[in-house]
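What follows is a single structure, written as structure tokens, with notes after it.
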Amino acid sequence: MTNKFALIDCNNFYASCERAFNPKLEGVPVVVLSNNDGCIIARSNEAKALGIAMGEPYFKIRELVRANSVIVCSSNYALYGDMSNRVMRIIRRYSPEQEVYSIDESFLGLSQMPFDLIPYMHSLKDQVKNWTGIPVCVGIGRTKVLAKLANKIAKKYAKFNGVFDIDQLPKARFNNLLKTIDMGDVWGIGGKSKHKLNQLGIDNALAFCQMDKSLIQNMLGVSAVRIQKELFGHSCLALELLRPAKKQIVSSRSFGHPLVSFDEVNQALTCLARKAVNKLVVDNLGCLSMSVFIRTNPFSKKQAYVNFSKSTTFVNPLHSDRALLPIVSQLLRQIYQAQYQFYKGGIVLTQLVPRDAQYDLFGAKDRAALIVGKASHKPLLNSVISANEIGNDRWLPNAERRSPRYTTQWQELLVIE
Amino acid sequence: MQQSTHGGVRSGAGRKKNSGSFKEETKVLRVPLSLVEPVKTSLKVYQSQLKTGVEVLLPQNSPEDVTIPIFTSHVQAGFPSPADDYLEDKLDLNKYLIQHKEATFFVRAQGDSMLGAGIHSGDILVVDKSLKAISGKIVIAVVDGDFTVKRLHKYGERITLKAENDAFDDIKIGSDNELIIWGVVTSVIHRCD
């Protein structure tokens, strides 16, 4: 039985989410900025055509933006997350096997589908567009690497109307296609591997396919050999139907303003810790270790760049805000120095274990945490918060151009006259 | 060769059969690593039961998560509640108002142009993007980039977006207008206050 995979990828996802609720953005260049309005993280096709690069710092393209009336949006993750859930749930209807690969990409297993796959995937694409307003492209192939490649083709050439099955290409044309594929565009080949291959003069996927297997193994390791096999059509990478267990939870931000006083930094880190603890609660986990870090701006010419961090471990796994938030302040006190302006900080929870694993005979249940937990009922509502979370809010990241959270806040619904 | 009289089996030596903590014969078994802890725990419980003769119950994974069972009526001696046989799900407004979860969006109406259709300013409209916009439906339309809520009328090629309030004009869609139907309004949520 031959394998068959599809990769469904939303086109310019964040920009498309903005357009779904603001039709005026249709046909004009749109970019979305990262947290704290730092860099470009999404571009509409019109913005790509202007030469705006992914990851480019916003301050560098201000002129270009003004000259071409580019619409600039701060990121609105509440909206993107909700739209992503909707898209993924629609995609799930098309196969019992789905791997949600990222916020805007999903693999589907199509091996035993008794359908003509191209029309089947066209109906998926149309349904996602009609139901959510988000345009997607579908790539089909015998392996995940080929499906990913097919998706690129589906996006690039309008004549395929958004759905492309790479297995239908005759051998010669398939090879011609591989020749046009840059190694960096092959899924699973990272920047370092690409660099090593380029030094050998191997800059396209066809040349990579023709390489000796043992040479690849020696140079790049077995995972690259798998990628080569996948390009040949031998499926080595299975769908990951279950999400792998979380190894760590990171919650960090660039601050809206450089922070100097201890109280300001403490507010920022306590609020960030709250976000991390909420994730612990949702996944029913506890943590055995926590670290806190603060940094100054590496680009600043006025002061030295410093990066302070401190970790601690616990005998019993901790999972409640009551237990964890005070430790954040204790750790911070040990690394904080008044002469610096801090521009970024965060906390990392590691050694995650199931919440009710028992470690220490004396690890009594924290009854107060239970009561507070009940009072706030759902931990995410935060009706009971720590005093450290209250402050001047100067840490909050900038999001000057954030669109309303149309789908998650009653006060921010789309208004229609 | 002479048979050795040293070493080998001596009858009556060693641990007595069935004298271990389980009081019966045991067997070596391969257990997946992930199951080692649960298996060990249940063996320990079994052991202590054997030892003390007291039945030990394993603690619930997370005691605070125990939900109240669905039968909540008081048990009265002699008279079980006759309602327990008629337990049904609670009424869920989401189920009532939403047909296609992924395609349903809430929007807020502003203005009085659709008063006749029961849409007041400030009402929340339930909009289903998956439904086909047929003539006579109330729709969220985008005319030349601007949102509006109106009743859709199609007569052959002629498309009109009708207001339901005499003080407002209908929007006739001409050949130079761009019309997109964003979604179909399925319900109006109006607060009475």
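So you can find residues: chains in the structure tokens are A, B, ... in the order shown, residues in each start at 1, and ligands are numbered from 1 in order.
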
What are the closest atom pairs, with distances in Å to one decimal, for all residues of chain B lying within 10 Å of chain A? Consider only C-alpha atoms, order rows by chain and residue number, and present the result as CSV.
```
residue,atom,partner,partner_atom,distance
B:Gln60,CA,A:Asp356,CA,9.9
B:Asn61,CA,A:Asp356,CA,6.6
B:Ser62,CA,A:Asp356,CA,6.7
B:Pro63,CA,A:Asp356,CA,9.9
B:Glu64,CA,A:Leu370,CA,7.7
B:His100,CA,A:Trp131,CA,8.7
B:Lys101,CA,A:Arg86,CA,8.0
B:Glu102,CA,A:Arg86,CA,4.8
B:Ala103,CA,A:Trp131,CA,4.5
B:Thr104,CA,A:Trp131,CA,8.0
B:Phe105,CA,A:Thr407,CA,6.9
B:Phe106,CA,A:Leu413,CA,6.7
B:Val107,CA,A:Leu414,CA,4.9
B:Arg108,CA,A:Val415,CA,4.7
B:Ala109,CA,A:Ile416,CA,5.0
B:Gln110,CA,A:Glu417,CA,4.7
B:Gly111,CA,A:Glu417,CA,5.6
B:Asp112,CA,A:Glu417,CA,8.2
B:Ser113,CA,A:Glu417,CA,7.9
B:Met114,CA,A:Glu417,CA,9.3
B:Ser121,CA,A:Glu417,CA,8.5
B:Gly122,CA,A:Val415,CA,8.8
B:Ile124,CA,A:Leu413,CA,8.7
B:Leu125,CA,A:Ile416,CA,9.5
B:Asp128,CA,A:Trp131,CA,7.9
B:Lys129,CA,A:Trp131,CA,5.1
B:Ser130,CA,A:Trp131,CA,4.7
B:Leu131,CA,A:Trp131,CA,8.5
B:Lys132,CA,A:Asn130,CA,9.6
B:Ile140,CA,A:Ile416,CA,8.0
B:Ala141,CA,A:Ile416,CA,9.5
B:Val142,CA,A:Pro23,CA,7.4
B:Val143,CA,A:Pro23,CA,9.5
B:Asp144,CA,A:Lys24,CA,8.4
B:Gly145,CA,A:Lys24,CA,5.0
B:Asp146,CA,A:Pro23,CA,7.4
B:Phe147,CA,A:Ile416,CA,5.9
B:Thr148,CA,A:Glu417,CA,5.3
B:Val149,CA,A:Glu417,CA,6.4
B:Lys150,CA,A:Glu417,CA,9.3
B:Ile180,CA,A:Pro23,CA,9.3
B:Trp182,CA,A:Gly133,CA,8.5
B:Gly183,CA,A:Trp131,CA,8.8
```

Exercise: Ala154 in chain A partners within 7 Å, only C-alpha atoms, chain neighbours under 4 positions left out, as a ChimeraX atom specification: /A:137-139,150,160,162-164

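Atom pair CA of Lys344 in chain A / CA of His257 in chain A has a distance of 9.5 Å (rounded to one decimal).
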
Per-residue DSSP, range 88-309 of chain A, filtered to alpha helix (DSSP H), as an MDAnalysis selection string: chainID A and resid 88:92 117:132 144:156 171:180 191:199 205:209 213:220 222:232 262:282

Shell around range 27-40 of chain A at 8 Å using only C-alpha atoms, local window under 6 positions removed, as a count of residues only: 26

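When only C-alpha atoms are used to compute distances to His122 in chain A, the closest of the residues A:Ile202, A:Ala6, A:Ala304, A:Ile249 turns out to be A:Ala6.
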
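From CA of Asp126 in chain A back to CA of Asp165 in chain A, the distance works out to 16.9 Å.
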